[in-house]
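Enquirer: Once you've had a glance at the structure underneath, I'll fire off some questions.
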Amino acid sequence: MKQEIQQLEPSVDLGMLVGLLLTDGSVSKRKTTWTIELTGKSEGLHEIFKEKVRKLFGKELVESKDKRDMQLTKTKFSSVKIAKLLFEFTPTFRTRQFEDGSFPNSKIPDFIFKLLSHEISEILRVMFSADGGISMWVSWHKKKQVWEIRKRVFLACKHPSIRKQIVALLKQVGIEAKDRKSGEVVIWKKSEIKKFRSLIRFVSRVKVTKDSKHWTGFEKTQILDIAIKTFDLKKRDLQKFKTKEEVINFVKSFLTAPVITSAS
C-alpha cells in the first residue's frame, strides 16, 4: 500500500476520477471526516472508480447496496487529506442547483483542458457513461411519408458552466455539440455521432437504467452501435412497416444480425 501522498499531479487518471465525482459521485463532510463516494448502478463505472482510487491513493474502498434500491451500489472511502487535495482542483463537487436557483461554483479542472486529445476522450467517456447516453426513437415524417429513426447522444447536466466546459472539451477532440439550457449537452449530427463512437464511446457494461420503453437493460455501447447502423438504412427499408413498434423490433434485430439494406 502506498503512503498517503502530499500532492496530486495532473493526469488522465485524476481527470477520470474527477469526472466520475462530478457526475455520479460526491465529496461530502460526514461528522469529522470527508467521504469520497460513487453512487450508481453500473458495475463498469464502479470498477473504474476503484481502480483510479487505488492507483492514485492506494486506498481500499467499501462497497454497499442502497437499502431503498438494492440495484444501486455505493462505493466509498473516507479521508480528510484526500478531500483537501481534490478541492485544489475544483472548489466543490456538488453540481446540483440550490433552492434559491443559483448553482455551486464547481468546475471541470483547468488541467484537463491541457491533456492530450485521447486523454480528454477517456475522461469524457466516463462522464457520458455516468450521466449521459444515446436516445433513439421512431417518428413519422408526414411530408416525406416515411418512418424516420432519430438519435442523439446526450449528457444530462443542469449546471450551466459545466455544460459549457463539456462542449469545449468535445470541441477539443473534434466533436461539435450543443449546449441546451434545458439541461443537456447534445450531439445531433450524423457526422458528429459517428465521431463520438470513434473517439469516445461509452464504458462497456454500462446499461440503460432509467425508464426507457425500448432500451432499458441494453448496454449503452449496443445502442450506439445500432444507431450507427441505422444511418445506412434507406427509405425503402422502412416502407413495409406500419407501426413504430415494428420499426423498433426491426432495429433491435441488428443486435444479432447484420443490417440488410436495399440495393443502391
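Labels for the C-alpha cells follow display order: chains A, B, ..., residues from 1 in each chain, ligands from 1.
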Lys210 in chain A: which residues within 12 Å, counting only C-alpha atoms, same-chain residues fewer than 4 positions away excluded, as a list in words?
Expert: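 Near neighbours after the sequence-gap exclusion: Gly40, Lys41, Ser42, Gln71, Ala130, Asp131, Gly132, Gly133, Ile134, Ser135, Val206, His214, Trp215, Thr216, Gly217, Phe218 and Lys220 of chain A.
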Enquirer: Would you mind listing what lies within 10 Å of range 169-178 of chain A as an NGL selection string, with only C-alpha atoms counted and same-chain residues fewer than 6 positions away left out?
Expert: :A and (108 or 112-114 or 116-121 or 123-124 or 153-154 or 163 or 184-189 or 191-196 or 199-200)
Enquirer: Rank A:His159, A:Ser139, A:Phe231, A:Ala168 by their smallest atom-to-atom distance to Val247 in chain A, using only C-alpha atoms, and report the top residue only.
Expert: A:Ser139
Enquirer: Smallest atom-to-atom distance to Ser26 in chain A: which of A:Leu86, A:Trp147, A:Glu47, A:Lys213, using only C-alpha atoms?
Expert: A:Leu86
Enquirer: Which residues come within 8 Å of range 77-80 of chain A, counting only C-alpha atoms, excluding same-chain residues fewer than 3 positions away, as JSON, numbers by chain?
Expert: {"A": [33, 34, 35, 36, 37, 59, 60, 61, 62, 83, 84]}
Enquirer: With C-alpha atoms retained, write the just-selected residues as a PDB file, in the first residue's frame.
Expert:
```
ATOM      1  CA  THR A  33     -14.260  13.372   8.149  1.00  0.00           C
ATOM      2  CA  TRP A  34     -14.826  13.671   4.420  1.00  0.00           C
ATOM      3  CA  THR A  35     -16.249  10.830   2.340  1.00  0.00           C
ATOM      4  CA  ILE A  36     -15.444  10.345  -1.349  1.00  0.00           C
ATOM      5  CA  GLU A  37     -18.207   8.260  -2.933  1.00  0.00           C
ATOM      6  CA  LYS A  59      -6.866   3.180  -0.823  1.00  0.00           C
ATOM      7  CA  GLU A  60      -9.264   0.258  -0.440  1.00  0.00           C
ATOM      8  CA  LEU A  61     -12.950   1.072  -0.730  1.00  0.00           C
ATOM      9  CA  VAL A  62     -16.146  -0.067   0.946  1.00  0.00           C
ATOM     10  CA  ALA A  83     -10.630  15.516   0.067  1.00  0.00           C
ATOM     11  CA  LYS A  84      -8.444  18.591   0.600  1.00  0.00           C
TER      12      LYS A  84
END
```
Enquirer: If you run DSSP over the backbone, which residues in range 53-114 of chain A end up strand (DSSP E or B)? Put them as a PyMOL selection string.
Expert: chain A and resi 62-66+69-78
Enquirer: Just list the residues in range 36-259 of chain A DSSP gives helix (DSSP H, G or I) on the backbone, as an NGL selection string.
Expert: :A and (43-57 or 80-86 or 110-114 or 117-131 or 160-172 or 190-199 or 220-230 or 235-238 or 244-255)
Enquirer: What is the distance, in Å and to one decimal place, between CA of Ser161 in chain A and CA of Gln7 in chain A?
Expert: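 Taking CA of Ser161 in chain A and CA of Gln7 in chain A, their separation equals 26.5 Å.
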Enquirer: Nearest to Asp110 in chain A among A:Leu255, A:Val203, A:Val18, A:Val138, with distances taken over only C-alpha atoms: which residue is it?
Expert: A:Val18
Enquirer: Could you give me, as JSON lines, a per-residue list for range 143-245 of chain A showing, wherever an atom lies at most 9 Å from an atom of range 88-97 of chain A, the closest pair of atoms and their distance in Å to one decimal, using only C-alpha atoms and sorting by chain then residue number from low to high?
Expert:
```
{"residue": "A:Cys157", "atom": "CA", "partner": "A:Thr95", "partner_atom": "CA", "distance": 8.3}
{"residue": "A:Lys158", "atom": "CA", "partner": "A:Arg96", "partner_atom": "CA", "distance": 7.2}
{"residue": "A:His159", "atom": "CA", "partner": "A:Thr95", "partner_atom": "CA", "distance": 6.0}
{"residue": "A:Ile162", "atom": "CA", "partner": "A:Thr95", "partner_atom": "CA", "distance": 8.4}
```
Enquirer: Quick one: everything within 12 Å of Phe57 in chain A, counting only C-alpha atoms, minus sequence neighbours fewer than 3 positions away in the same chain. Send it as a list in words.
Expert: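 Counting only C-alpha atoms, the residues come to Met1, Lys2, Gln3, Glu4, Ile5, Gln6, Gln7, Leu8, Glu9, Asp13, Leu14, Leu17, Phe49, Lys50, Glu51, Lys52, Val53, Arg54, Glu60, Leu61, Phe77, Ser78, Ser79, Lys81, Ile82, Ala83, Leu85 and Leu86 of chain A.
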Enquirer: When distances are computed from only C-alpha atoms, which of A:Val251, A:Met136, A:Leu115, A:Arg236 shows the smallest separation from Leu224 in chain A?
Expert: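 Once distances to Leu224 in chain A are computed over only C-alpha atoms, the minimum belongs to A:Met136.
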Enquirer: Ranking A:Glu43, A:Asp179, A:Glu246, A:Glu63 by minimum distance to Ser129 in chain A and counting only C-alpha atoms, which one comes first?
Expert: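 So, comparing all the options, the nearest one is A:Glu43.
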Enquirer: Could you state the separation of CA of Met16 in chain A and CA of Ile166 in chain A in Å, given to one decimal place?
Expert: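 A separation of 13.5 Å between them.
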Enquirer: Given the choices A:Thr32, A:Phe98, A:Leu56, A:Arg152, which gets closest to Pro10 in chain A if the distance is worked out from only C-alpha atoms?
Expert: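 Smallest distance to Pro10 in chain A is found for A:Leu56.
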Enquirer: How many Å lie between CA of Thr221 in chain A and CA of Arg125 in chain A, rounded to one decimal?
Expert: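 Going from CA of Thr221 in chain A over to CA of Arg125 in chain A, I get 11.0 Å.
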